[in-house]
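J.: Just dropping this structure here.
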Amino acid sequence: MITVCVSYMFNLVSLFDLISNLLLNVWMNIGLPVILFELIKKFVVAGVMFGLLSVTVMFLIWLERRICARFQSRVGPNRVGFQGFLQPVADAIKLLAKENIVPQDADRLVHFLAPPIVFTAAFTAYLCMPFGPGLIALDINLGILYIFSITTLGVMGILLAGWGSNNKYSLLGGMRSVAQIVSYEIPLILSVLGVVMLTNTLKITEIVDAQKSFFDWFIFRQPLAFIIYLIAGTAELNRTPFDIPEAESELTGGYHTEYSGIRFSMFFLAEFTNMFMVSAIATSIFLGGWHGFGFLPPYVWFFVKCFAVVFLLIWFRWTFPRMRFDQLMDLGWKALTPLAFVNIFLTGIMIFIK
Amino acid sequence: MILKFAATIYNGVMSLPQGMMVTLKYFLKKPVTMQYPDQKWVMPARYRGVVSLIFDKNTGKHRCIACKNCVKICPNYSLAIETAVGEDKKWFPKTFTLELGQCMFCGLCVEICPTKALEMNKEYELATYTREELTRSLLP
Amino acid sequence: MKEDSAQDFITEEYLLNMGPQHPATHGVLRLVLRMDGENILDLVPDLGYLHRGFEKIAENRTYKQFLPFTDRLDYLAGMFNNHVYCLAVEKLLKITVPPRAEYIRVLVSELNRIASHLVWFGPFAMDLGAITPFLYAFREREMIIDLLESVSGQRLTYSYFRIGGVAQDLPDDFIVQAKAFCEYFKPKVDEYDTLLSKNIIFIKRTKNIGVLPKELAIDYGCSGPVLRGSGVAYDVRKNEPYSVYKDLSFDIPVGTIGDSLDRYNVRIEEMRQSVRIIEQVLEKLPGGEIMAAVPKVVKPAPGEAYARIEAPRGDFGFFIVSDGSDKPYRLKIRAPSFSNLSVLPELVKGLKISDVLAVFGSIDIVLGDVDR
């Protein structure tokens, strides 16, 4: 019995198949059409994924606050629940109960639309993210391309938020964000391109499968690409040292200055969802995805690696000062993009020699 | 020239992990903060809290002679005394009120008191729900 | 066709109100920025949100009563405010303060200077986006505040000095604790260097930003680290020594070109020098009285007196006119922050909005001092 349980723990996919087949049998016995079942199954999967992600993001918020507190010789939230575990939940409830303030001269439609766009873009990206072998909602051939393009869509929401709030700080923040994300998207994708050249595929599951053993991880074959990815990824997330769109000491919060209540919480959740996304991509592409060293189920290995990258991002954030806007552009265009090209060139030579 | 340039870049880049090591050092150390409502700060002996009259432990009497020196020295006029003459022909304070909202805890009243009847206690949680509660009587 | 599209693309200047409620204006200062995109064309500081009219209050209080009010001027450096006020009144009364009191005054003042500089250091880092140094600075400041609390009984509004001396002698274990603090603090400054001063991002943000030339600094009446950052080695402690600074050895750090980084380095170095002064004072501390003989009612003869000291923010002065009564006839406060702030519009022209904070933070004003 225990061995069966353990084997299912290691192979969640077969567990899911088992449950779904059982339910399907019941469904068939009642005499309902199979298509409807498949449809409902899709919704349930989406719902479960959304719920799990939300919990992960909540955990991430707690983690960030605790870790940053320790970096600063503080304790951090430790009152609500065990060690403050439920603090994000309490915060979320507080935000949901708050009034939604719309500024008087705001463009109401745009102001309303911005948070859902950012939120949706952040969450739909997980569609192509493999959490373990087979644990992927939609295994399409253009996985990487899909993820990068859908996360970039979020910037539109940020621009809309900046524009719709009718606040100069918000507008400045939105404009900065667009400029930043557009210019950092290029080194980000170029850095991943080296890996794609080596594996000849854009499908994330295949890339992960190419790094079965420890020394096959692409961080060892593409160290430069990993560093570029990490820097560009931090910039994509609008986190310190690249948090100029939010820059609370300059722009009092940037694009979400005028948002409150549930809309603000959408921005907030999206930010942390994106943070987890960046570390998930880094894990899948450079750190061998779900491939671990045994004794733990693959998806646990995946999360362990993800949180290691998240820790690194948090560490960056609570150590460095913020860069200036033009310095940021300098770094992006004059350093990271050429370096990414150099990396691609070197990778090409490597492949050619082989 | 190129070497110098490379050295600048190297130093610049290396400054980042050095800074990160400092934060890591404190990450591994224990927090220094105090968990306020659970742990409370021990106030130093000279802490200047709320002005109060000293009552003798045994007799329960204070030493105020209603000379009003404290009322006169108070920079914010936050103390008020109504005097009366007792049966023994001595002055005593009938009312002695402190307007806590006006007090700036300078301690001049304690210093000037000729009979050392006043002290500043160690109270520091002084928030109240209403404005009226800020007016305190020093007499029981 | 081409001309039309060029005409359509019209850029406008706009006004940006930074403050009075803004996370980086350190209190209630309003900066009105005239901007072209991210570039600043002009800046006008708008003051007065914290004006409490201390100069007028002083005319209605006796000399002894006014002392607690001085704490609230530059609320981060209460000891200095007490000190300069006492010096001015002592000049009027022609009192000499006993040596032990003088040494104690210097001791607590220098501790307060470190605390005050730490409160500058933390928020300055925070203005530039690094939040962790802020908490480190406050951690160290907490220890100084505890020390000063054990001496005076309050954490910020000390009211510790009296006309003619100090209120109370040092507590028993103060000297031991102060020595321990000095030992603790010295490596911390080096740590700040590693964490922030040597950080490439920080240097990029502050170097050659907000350059204040020597002449301009003198013309605007800047003082303190702002002036010294521009390369003028002027310090009241050296140039017009008051109290016992004559007997103490310390250096005056100066900058070279007067940018934000120079002002930053000057302050960091000043913290080290303050530790040096504290250690000397702890060695030399004489015994004896802590109060001179001061009449019960302070009634100076008609006349006037001006006293000044080197506060953390610069040359801090009190001018008192006495008409022979127990209240000052007129009291004028020369606040360093006010003069230092006035130079800000000159420094930020043509810079970016992010640089305003790098410059503004490096000037280090306290609004209680500016508005009085």
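Residue names in the structure tokens use chain letters A, B, ... in the order shown, residue numbers from 1 in each chain, and ligand numbers from 1 in the order shown.
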If we count only C-alpha atoms, what is near Val32 in chain B at a cut-off of 8 Å, once residues fewer than 3 positions away on the same chain are taken out, given as a list of chain:residue names?

T.: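 With the cut-off at 8 Å, the set is A:Ser73, A:Arg74, C:Arg139.
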
J.: Can you pull out every residue from chain B that DSSP, working from the backbone, puts in helix (DSSP H, G or I), and format the result as number ranges by chain?

T.: B: 2-28, 69-73, 108-112, 132-134

J.: Store the residues picked out above in a file with N, CA, C and O atoms, as a compact mmCIF listing (two decimals), in the first residue's frame.

T.:
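As written to disk, part.txt reads:
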```txt
# COMPACT_ATOMS: atom_id res chain seq x y z
N ILE B 2 43.74 49.47 -21.99
CA ILE B 2 42.72 48.42 -21.99
C ILE B 2 42.72 47.71 -20.64
O ILE B 2 41.66 47.40 -20.10
N LEU B 3 43.92 47.53 -20.11
CA LEU B 3 44.03 46.86 -18.82
C LEU B 3 43.31 47.64 -17.74
O LEU B 3 42.59 47.10 -16.90
N LYS B 4 43.49 48.97 -17.80
CA LYS B 4 42.86 49.84 -16.81
C LYS B 4 41.34 49.73 -16.93
O LYS B 4 40.63 49.63 -15.93
N PHE B 5 40.89 49.75 -18.16
CA PHE B 5 39.46 49.64 -18.42
C PHE B 5 38.92 48.32 -17.87
O PHE B 5 37.89 48.28 -17.18
N ALA B 6 39.68 47.26 -18.14
CA ALA B 6 39.27 45.94 -17.67
C ALA B 6 39.25 45.91 -16.14
O ALA B 6 38.34 45.34 -15.53
N ALA B 7 40.24 46.60 -15.54
CA ALA B 7 40.31 46.61 -14.08
C ALA B 7 39.10 47.34 -13.50
O ALA B 7 38.51 46.90 -12.50
N THR B 8 38.72 48.46 -14.15
CA THR B 8 37.53 49.18 -13.64
C THR B 8 36.31 48.29 -13.70
O THR B 8 35.53 48.21 -12.75
N ILE B 9 36.16 47.62 -14.85
CA ILE B 9 34.99 46.76 -14.99
C ILE B 9 35.02 45.65 -13.96
O ILE B 9 34.04 45.36 -13.29
N TYR B 10 36.21 45.07 -13.77
CA TYR B 10 36.33 43.96 -12.82
C TYR B 10 35.98 44.44 -11.41
O TYR B 10 35.18 43.81 -10.71
N ASN B 11 36.56 45.60 -11.03
CA ASN B 11 36.28 46.11 -9.68
C ASN B 11 34.80 46.41 -9.51
O ASN B 11 34.21 46.12 -8.48
N GLY B 12 34.23 47.02 -10.56
CA GLY B 12 32.81 47.36 -10.49
C GLY B 12 31.97 46.13 -10.32
O GLY B 12 31.09 46.07 -9.45
N VAL B 13 32.26 45.11 -11.12
CA VAL B 13 31.44 43.90 -11.06
C VAL B 13 31.67 43.19 -9.73
O VAL B 13 30.74 42.69 -9.11
N MET B 14 32.91 43.19 -9.26
CA MET B 14 33.19 42.49 -8.01
C MET B 14 32.59 43.17 -6.80
O MET B 14 32.37 42.55 -5.76
N SER B 15 32.32 44.49 -6.93
CA SER B 15 31.72 45.19 -5.79
C SER B 15 30.32 44.66 -5.50
O SER B 15 29.85 44.75 -4.37
N LEU B 16 29.67 44.09 -6.51
CA LEU B 16 28.31 43.61 -6.29
C LEU B 16 28.29 42.37 -5.38
O LEU B 16 27.60 42.37 -4.37
N PRO B 17 29.05 41.30 -5.70
CA PRO B 17 29.05 40.16 -4.76
C PRO B 17 29.57 40.51 -3.38
O PRO B 17 29.11 39.94 -2.38
N GLN B 18 30.51 41.49 -3.30
CA GLN B 18 31.00 41.88 -1.97
C GLN B 18 29.87 42.43 -1.12
O GLN B 18 29.72 42.10 0.05
N GLY B 19 29.07 43.29 -1.76
CA GLY B 19 27.91 43.82 -1.04
C GLY B 19 26.95 42.72 -0.65
O GLY B 19 26.39 42.72 0.44
N MET B 20 26.81 41.75 -1.55
CA MET B 20 25.88 40.66 -1.25
C MET B 20 26.38 39.82 -0.09
O MET B 20 25.57 39.29 0.69
N MET B 21 27.69 39.71 0.06
CA MET B 21 28.21 38.94 1.18
C MET B 21 27.86 39.62 2.51
O MET B 21 27.60 38.95 3.51
N VAL B 22 27.86 40.96 2.50
CA VAL B 22 27.51 41.68 3.74
C VAL B 22 26.09 41.35 4.15
O VAL B 22 25.81 41.02 5.31
N THR B 23 25.17 41.41 3.17
CA THR B 23 23.79 41.11 3.54
C THR B 23 23.65 39.64 3.94
O THR B 23 22.88 39.33 4.83
N LEU B 24 24.41 38.78 3.29
CA LEU B 24 24.32 37.36 3.63
C LEU B 24 24.78 37.13 5.07
O LEU B 24 24.22 36.31 5.79
N LYS B 25 25.80 37.89 5.47
CA LYS B 25 26.31 37.75 6.83
C LYS B 25 25.19 37.99 7.84
O LYS B 25 25.03 37.25 8.80
N TYR B 26 24.41 39.03 7.58
CA TYR B 26 23.33 39.33 8.52
C TYR B 26 22.15 38.40 8.33
O TYR B 26 21.37 38.21 9.26
N PHE B 27 22.04 37.81 7.13
CA PHE B 27 20.98 36.82 6.93
C PHE B 27 21.20 35.63 7.85
O PHE B 27 20.26 35.05 8.38
N LEU B 28 22.47 35.29 8.05
CA LEU B 28 22.77 34.12 8.86
C LEU B 28 22.82 34.44 10.35
O LEU B 28 22.82 33.54 11.18
N ASN B 69 5.52 76.48 41.47
CA ASN B 69 6.76 76.69 40.71
C ASN B 69 6.71 75.91 39.39
O ASN B 69 7.14 76.39 38.35
N CYS B 70 6.17 74.70 39.48
CA CYS B 70 6.11 73.86 38.28
C CYS B 70 5.16 74.47 37.24
O CYS B 70 5.42 74.42 36.05
N VAL B 71 4.08 75.05 37.71
CA VAL B 71 3.13 75.68 36.79
C VAL B 71 3.80 76.84 36.08
O VAL B 71 3.61 77.06 34.88
N LYS B 72 4.63 77.57 36.84
CA LYS B 72 5.27 78.74 36.24
C LYS B 72 6.37 78.34 35.26
O LYS B 72 6.55 78.99 34.23
N ILE B 73 7.11 77.29 35.55
CA ILE B 73 8.24 76.96 34.68
C ILE B 73 7.78 76.23 33.43
O ILE B 73 8.45 76.26 32.41
N LEU B 108 11.33 70.01 33.29
CA LEU B 108 11.68 71.21 34.04
C LEU B 108 10.91 71.30 35.36
O LEU B 108 11.43 71.78 36.36
N CYS B 109 9.66 70.81 35.35
CA CYS B 109 8.84 70.88 36.55
C CYS B 109 9.44 70.02 37.66
O CYS B 109 9.46 70.40 38.83
N VAL B 110 9.93 68.85 37.27
CA VAL B 110 10.52 67.96 38.27
C VAL B 110 11.78 68.60 38.85
O VAL B 110 12.04 68.52 40.05
N GLU B 111 12.53 69.26 37.97
CA GLU B 111 13.79 69.83 38.40
C GLU B 111 13.58 70.99 39.38
O GLU B 111 14.36 71.18 40.30
N ILE B 112 12.52 71.76 39.16
CA ILE B 112 12.35 72.98 39.95
C ILE B 112 11.64 72.73 41.27
O ILE B 112 11.69 73.56 42.18
N GLU B 132 -10.35 63.75 25.82
CA GLU B 132 -10.56 64.08 27.23
C GLU B 132 -9.64 63.25 28.13
O GLU B 132 -9.21 63.71 29.18
N GLU B 133 -9.37 62.04 27.68
CA GLU B 133 -8.53 61.17 28.51
C GLU B 133 -7.11 61.72 28.67
O GLU B 133 -6.37 61.28 29.53
N LEU B 134 -6.76 62.66 27.79
CA LEU B 134 -5.41 63.21 27.87
C LEU B 134 -5.24 64.16 29.05
O LEU B 134 -4.13 64.46 29.45
```

J.: Could you write out as a PDB file with N, CA and C atoms, in the first residue's frame the residues of chain C within 9 Å of chain A, counting only C-alpha atoms?

T.:
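Result went into part_3.pdb, see below:
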```
ATOM      1  N   LEU C  16       5.596  69.091 -12.033  1.00  0.00           N
ATOM      2  CA  LEU C  16       5.438  67.899 -11.206  1.00  0.00           C
ATOM      3  C   LEU C  16       5.600  68.317  -9.755  1.00  0.00           C
ATOM      4  N   MET C  18       6.465  67.395  -6.293  1.00  0.00           N
ATOM      5  CA  MET C  18       7.070  66.351  -5.480  1.00  0.00           C
ATOM      6  C   MET C  18       6.859  66.749  -4.032  1.00  0.00           C
ATOM      7  N   HIS C  22       5.483  62.925  -0.093  1.00  0.00           N
ATOM      8  CA  HIS C  22       6.222  62.117  -1.051  1.00  0.00           C
ATOM      9  C   HIS C  22       7.258  61.354  -0.257  1.00  0.00           C
ATOM     10  N   PRO C  23       7.471  60.081  -0.590  1.00  0.00           N
ATOM     11  CA  PRO C  23       8.350  59.280   0.264  1.00  0.00           C
ATOM     12  C   PRO C  23       9.773  59.800   0.356  1.00  0.00           C
ATOM     13  N   ALA C  24      10.207  60.625  -0.553  1.00  0.00           N
ATOM     14  CA  ALA C  24      11.628  60.966  -0.548  1.00  0.00           C
ATOM     15  C   ALA C  24      11.898  62.407  -0.164  1.00  0.00           C
ATOM     16  N   THR C  25      10.917  63.146   0.291  1.00  0.00           N
ATOM     17  CA  THR C  25      11.231  64.532   0.643  1.00  0.00           C
ATOM     18  C   THR C  25      11.541  64.703   2.119  1.00  0.00           C
ATOM     19  N   GLY C  37       9.725  65.820 -20.088  1.00  0.00           N
ATOM     20  CA  GLY C  37       9.907  64.375 -20.021  1.00  0.00           C
ATOM     21  C   GLY C  37      10.508  64.006 -18.680  1.00  0.00           C
ATOM     22  N   GLU C  38      11.676  63.369 -18.740  1.00  0.00           N
ATOM     23  CA  GLU C  38      12.337  63.006 -17.485  1.00  0.00           C
ATOM     24  C   GLU C  38      13.359  64.038 -17.060  1.00  0.00           C
ATOM     25  N   ALA C 125      20.517  56.140   1.214  1.00  0.00           N
ATOM     26  CA  ALA C 125      20.570  54.867   0.493  1.00  0.00           C
ATOM     27  C   ALA C 125      19.186  54.470   0.004  1.00  0.00           C
ATOM     28  N   MET C 126      18.180  54.768   0.831  1.00  0.00           N
ATOM     29  CA  MET C 126      16.828  54.381   0.462  1.00  0.00           C
ATOM     30  C   MET C 126      16.344  55.213  -0.728  1.00  0.00           C
ATOM     31  N   ASP C 127      16.728  56.489  -0.774  1.00  0.00           N
ATOM     32  CA  ASP C 127      16.356  57.309  -1.925  1.00  0.00           C
ATOM     33  C   ASP C 127      16.918  56.712  -3.204  1.00  0.00           C
ATOM     34  N   LEU C 128      18.083  56.099  -3.072  1.00  0.00           N
ATOM     35  CA  LEU C 128      18.701  55.500  -4.244  1.00  0.00           C
ATOM     36  C   LEU C 128      18.240  54.064  -4.434  1.00  0.00           C
ATOM     37  N   GLY C 129      17.315  53.610  -3.631  1.00  0.00           N
ATOM     38  CA  GLY C 129      16.707  52.313  -3.875  1.00  0.00           C
ATOM     39  C   GLY C 129      17.231  51.175  -3.036  1.00  0.00           C
ATOM     40  N   ALA C 130      18.284  51.393  -2.261  1.00  0.00           N
ATOM     41  CA  ALA C 130      18.799  50.311  -1.425  1.00  0.00           C
ATOM     42  C   ALA C 130      18.180  50.433  -0.047  1.00  0.00           C
ATOM     43  N   ILE C 131      17.366  49.467   0.325  1.00  0.00           N
ATOM     44  CA  ILE C 131      16.605  49.613   1.559  1.00  0.00           C
ATOM     45  C   ILE C 131      17.361  49.026   2.745  1.00  0.00           C
ATOM     46  N   THR C 132      18.196  48.029   2.470  1.00  0.00           N
ATOM     47  CA  THR C 132      18.858  47.343   3.580  1.00  0.00           C
ATOM     48  C   THR C 132      19.799  48.254   4.384  1.00  0.00           C
ATOM     49  N   PRO C 133      20.635  49.091   3.733  1.00  0.00           N
ATOM     50  CA  PRO C 133      21.495  49.975   4.533  1.00  0.00           C
ATOM     51  C   PRO C 133      20.712  50.843   5.501  1.00  0.00           C
ATOM     52  N   PHE C 134      19.503  51.185   5.115  1.00  0.00           N
ATOM     53  CA  PHE C 134      18.650  51.985   6.000  1.00  0.00           C
ATOM     54  C   PHE C 134      18.469  51.279   7.335  1.00  0.00           C
ATOM     55  N   LEU C 135      18.160  49.995   7.264  1.00  0.00           N
ATOM     56  CA  LEU C 135      17.906  49.283   8.514  1.00  0.00           C
ATOM     57  C   LEU C 135      19.185  49.048   9.292  1.00  0.00           C
ATOM     58  N   TYR C 136      20.286  48.843   8.558  1.00  0.00           N
ATOM     59  CA  TYR C 136      21.556  48.694   9.267  1.00  0.00           C
ATOM     60  C   TYR C 136      21.901  49.986  10.003  1.00  0.00           C
ATOM     61  N   ARG C 139      19.888  50.329  13.022  1.00  0.00           N
ATOM     62  CA  ARG C 139      20.292  49.396  14.068  1.00  0.00           C
ATOM     63  C   ARG C 139      21.411  50.002  14.913  1.00  0.00           C
ATOM     64  N   LEU C 195      29.184  47.759   1.492  1.00  0.00           N
ATOM     65  CA  LEU C 195      27.803  47.573   1.062  1.00  0.00           C
ATOM     66  C   LEU C 195      27.382  48.629   0.068  1.00  0.00           C
ATOM     67  N   LEU C 196      27.777  49.869   0.304  1.00  0.00           N
ATOM     68  CA  LEU C 196      27.230  50.946  -0.512  1.00  0.00           C
ATOM     69  C   LEU C 196      28.311  51.777  -1.194  1.00  0.00           C
ATOM     70  N   ASN C 199      29.937  50.193  -4.059  1.00  0.00           N
ATOM     71  CA  ASN C 199      29.034  49.562  -5.018  1.00  0.00           C
ATOM     72  C   ASN C 199      29.020  50.347  -6.325  1.00  0.00           C
ATOM     73  N   ILE C 201      26.901  50.503  -8.720  1.00  0.00           N
ATOM     74  CA  ILE C 201      25.647  51.181  -9.047  1.00  0.00           C
ATOM     75  C   ILE C 201      25.541  52.479  -8.262  1.00  0.00           C
ATOM     76  N   PHE C 202      25.920  52.405  -6.999  1.00  0.00           N
ATOM     77  CA  PHE C 202      25.860  53.600  -6.163  1.00  0.00           C
ATOM     78  C   PHE C 202      26.789  54.686  -6.692  1.00  0.00           C
ATOM     79  N   LYS C 204      27.875  55.064  -9.685  1.00  0.00           N
ATOM     80  CA  LYS C 204      27.332  55.592 -10.944  1.00  0.00           C
ATOM     81  C   LYS C 204      26.199  56.580 -10.687  1.00  0.00           C
ATOM     82  N   ARG C 205      25.440  56.297  -9.637  1.00  0.00           N
ATOM     83  CA  ARG C 205      24.298  57.178  -9.360  1.00  0.00           C
ATOM     84  C   ARG C 205      24.716  58.517  -8.780  1.00  0.00           C
ATOM     85  N   LYS C 352      18.166  64.352 -14.381  1.00  0.00           N
ATOM     86  CA  LYS C 352      16.959  63.536 -14.487  1.00  0.00           C
ATOM     87  C   LYS C 352      16.231  63.508 -13.148  1.00  0.00           C
ATOM     88  N   ILE C 353      15.009  63.021 -13.200  1.00  0.00           N
ATOM     89  CA  ILE C 353      14.210  63.037 -11.960  1.00  0.00           C
ATOM     90  C   ILE C 353      14.827  62.147 -10.892  1.00  0.00           C
ATOM     91  N   SER C 354      15.475  61.069 -11.316  1.00  0.00           N
ATOM     92  CA  SER C 354      16.110  60.193 -10.318  1.00  0.00           C
ATOM     93  C   SER C 354      17.264  60.903  -9.628  1.00  0.00           C
ATOM     94  N   ASP C 355      17.913  61.815 -10.388  1.00  0.00           N
ATOM     95  CA  ASP C 355      19.071  62.490  -9.802  1.00  0.00           C
ATOM     96  C   ASP C 355      18.682  63.498  -8.737  1.00  0.00           C
ATOM     97  N   VAL C 356      17.455  64.005  -8.824  1.00  0.00           N
ATOM     98  CA  VAL C 356      17.010  64.960  -7.813  1.00  0.00           C
ATOM     99  C   VAL C 356      17.201  64.355  -6.434  1.00  0.00           C
ATOM    100  N   LEU C 357      16.862  63.065  -6.336  1.00  0.00           N
ATOM    101  CA  LEU C 357      16.931  62.427  -5.035  1.00  0.00           C
ATOM    102  C   LEU C 357      18.369  62.186  -4.629  1.00  0.00           C
TER     103      LEU C 357
END
```

J.: Could you please determine the separation between CA of Thr124 in chain A and CA of Asp139 in chain A in Å, to one decimal place?

T.: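 Result for CA of Thr124 in chain A versus CA of Asp139 in chain A: 13.5 Å, one decimal.
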
J.: Please measure the separation of CA of Leu87 in chain C and CA of Ile268 in chain C, giving the value in Å to one decimal.

T.: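 A separation of 27.5 Å between them.
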
J.: Between CA of Pro75 in chain B and CA of Gln65 in chain C, what distance in Å does the model show, to one decimal?

T.: 5.0 Å

J.: Check the DSSP output for the backbone and give back, as a ChimeraX atom specification, the residues of range 260-349 of chain C in strand (DSSP E).

T.: /C:303-311,314-322,328-334

J.: Find the residues near Gly154 in chain A: any atom within 9 Å, counting only C-alpha atoms, skip ones fewer than 2 places away on the same chain, and give them as a CSV table (one decimal) with N, CA, C and O atoms, in the first residue's frame.

T.:
```
chain,number,residue,atom,x,y,z
A,117,ILE,N,-5.4,42.7,-17.4
A,117,ILE,CA,-4.5,42.4,-18.5
A,117,ILE,C,-3.2,41.9,-17.9
A,117,ILE,O,-2.6,40.8,-18.2
A,118,VAL,N,-2.6,42.6,-16.9
A,118,VAL,CA,-1.4,42.3,-16.3
A,118,VAL,C,-1.5,40.9,-15.6
A,118,VAL,O,-0.7,40.0,-15.8
A,119,PHE,N,-2.6,40.8,-14.9
A,119,PHE,CA,-2.9,39.5,-14.2
A,119,PHE,C,-3.0,38.3,-15.1
A,119,PHE,O,-2.3,37.3,-14.9
A,120,THR,N,-3.8,38.5,-16.1
A,120,THR,CA,-4.0,37.4,-17.1
A,120,THR,C,-2.7,37.0,-17.7
A,120,THR,O,-2.4,35.8,-17.9
A,121,ALA,N,-2.0,38.0,-18.2
A,121,ALA,CA,-0.7,37.7,-18.9
A,121,ALA,C,0.2,36.9,-18.0
A,121,ALA,O,0.9,36.0,-18.4
A,122,ALA,N,0.2,37.3,-16.7
A,122,ALA,CA,1.1,36.6,-15.8
A,122,ALA,C,0.7,35.2,-15.6
A,122,ALA,O,1.6,34.3,-15.5
A,150,ILE,N,3.8,35.9,-24.2
A,150,ILE,CA,2.7,36.2,-23.3
A,150,ILE,C,3.1,37.0,-22.1
A,150,ILE,O,2.4,37.9,-21.7
A,151,THR,N,4.3,36.8,-21.6
A,151,THR,CA,4.7,37.6,-20.4
A,151,THR,C,4.9,39.1,-20.9
A,151,THR,O,4.7,40.0,-20.1
A,152,THR,N,5.4,39.3,-22.1
A,152,THR,CA,5.6,40.6,-22.6
A,152,THR,C,4.3,41.4,-22.7
A,152,THR,O,4.3,42.6,-22.6
A,156,MET,N,1.7,45.8,-21.6
A,156,MET,CA,0.6,46.7,-22.2
A,156,MET,C,-0.3,47.1,-21.0
A,156,MET,O,-0.7,48.3,-21.0
A,157,GLY,N,-0.6,46.2,-20.1
A,157,GLY,CA,-1.4,46.5,-19.0
A,157,GLY,C,-0.7,47.6,-18.2
A,157,GLY,O,-1.4,48.5,-17.7
A,158,ILE,N,0.6,47.5,-18.0
A,158,ILE,CA,1.3,48.5,-17.2
A,158,ILE,C,1.2,49.9,-17.8
A,158,ILE,O,0.9,50.9,-17.2
A,159,LEU,N,1.4,49.9,-19.1
A,159,LEU,CA,1.2,51.1,-19.9
A,159,LEU,C,-0.2,51.7,-19.7
A,159,LEU,O,-0.3,52.9,-19.5
A,270,ALA,N,0.4,39.7,-9.7
A,270,ALA,CA,1.1,39.5,-11.0
A,270,ALA,C,2.6,39.6,-10.9
A,270,ALA,O,3.3,38.9,-11.5
```

J.: Excluding Pro130 in chain A and its own-chain neighbours fewer than 4 positions away, which residues fall within 7 Å of it when counting only C-alpha atoms? Please give them as a list in words.

T.: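 With the cut-off at 7 Å, the set is Leu135, Ile136 and Thr205 of chain A.
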
J.: Which residues are near Ala97 in chain A? Cut-off 10 Å, only C-alpha atoms, ignore same chain within fewer than 4 positions. Put them as a ChimeraX atom specification.

T.: /A:91-93,261-262

J.: Would you write out those residues with N, CA, C and O atoms, as an mmCIF file, in the first residue's frame?

T.:
```
data_model
loop_
_atom_site.group_PDB
_atom_site.id
_atom_site.type_symbol
_atom_site.label_atom_id
_atom_site.label_comp_id
_atom_site.auth_asym_id
_atom_site.auth_seq_id
_atom_site.Cartn_x
_atom_site.Cartn_y
_atom_site.Cartn_z
ATOM 1 N N ASP A 91 -3.414 39.803 4.270
ATOM 2 C CA ASP A 91 -3.250 40.989 3.431
ATOM 3 C C ASP A 91 -4.234 40.976 2.282
ATOM 4 O O ASP A 91 -4.821 42.007 1.940
ATOM 5 N N ALA A 92 -4.392 39.792 1.678
ATOM 6 C CA ALA A 92 -5.297 39.690 0.535
ATOM 7 C C ALA A 92 -6.722 40.014 0.957
ATOM 8 O O ALA A 92 -7.427 40.774 0.284
ATOM 9 N N ILE A 93 -7.132 39.479 2.114
ATOM 10 C CA ILE A 93 -8.498 39.750 2.587
ATOM 11 C C ILE A 93 -8.668 41.238 2.839
ATOM 12 O O ILE A 93 -9.670 41.846 2.469
ATOM 13 N N GLY A 261 -7.207 48.515 -3.318
ATOM 14 C CA GLY A 261 -8.086 47.361 -3.169
ATOM 15 C C GLY A 261 -7.711 46.212 -4.069
ATOM 16 O O GLY A 261 -6.547 45.878 -4.264
ATOM 17 N N ILE A 262 -8.724 45.614 -4.665
ATOM 18 C CA ILE A 262 -8.525 44.372 -5.407
ATOM 19 C C ILE A 262 -7.671 44.595 -6.637
ATOM 20 O O ILE A 262 -6.888 43.731 -7.044
#
```

J.: Please list as a ChimeraX atom specification every residue within 12 Å of range 299-307 of chain C, counting only C-alpha atoms and excluding residues in the same chain fewer than 5 positions away.

T.: /C:62-64,80-95,163,236,240-243,294,315-334

J.: Can you list, as a ChimeraX atom specification, every protein, DNA or RNA residue that comes within 7 Å of range 96-102 of chain C when you count only C-alpha atoms, leaving out same-chain residues fewer than 4 positions away?

T.: /C:106,164-166,243-244,285-292

J.: How would the residues just chosen look if you wrote them out with C-alpha atoms as a PDB file, in the first residue's frame?

T.:
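Contents of out34.pdb, as written:
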```pdb
ATOM      1  CA  VAL C 106      31.228  67.423  23.515  1.00  0.00           C
ATOM      2  CA  GLY C 164      25.757  76.873  32.670  1.00  0.00           C
ATOM      3  CA  GLY C 165      26.284  73.153  32.372  1.00  0.00           C
ATOM      4  CA  VAL C 166      24.397  69.944  31.926  1.00  0.00           C
ATOM      5  CA  SER C 243      33.803  74.310  24.061  1.00  0.00           C
ATOM      6  CA  VAL C 244      36.879  72.060  24.299  1.00  0.00           C
ATOM      7  CA  LEU C 285      37.120  63.379  30.952  1.00  0.00           C
ATOM      8  CA  PRO C 286      37.952  65.463  34.061  1.00  0.00           C
ATOM      9  CA  GLY C 287      36.130  65.352  37.357  1.00  0.00           C
ATOM     10  CA  GLY C 288      34.427  68.223  39.104  1.00  0.00           C
ATOM     11  CA  GLU C 289      31.277  70.233  38.897  1.00  0.00           C
ATOM     12  CA  ILE C 290      28.766  69.910  36.099  1.00  0.00           C
ATOM     13  CA  MET C 291      26.967  73.196  36.648  1.00  0.00           C
ATOM     14  CA  ALA C 292      28.270  76.726  36.975  1.00  0.00           C
TER      15      ALA C 292
END
```
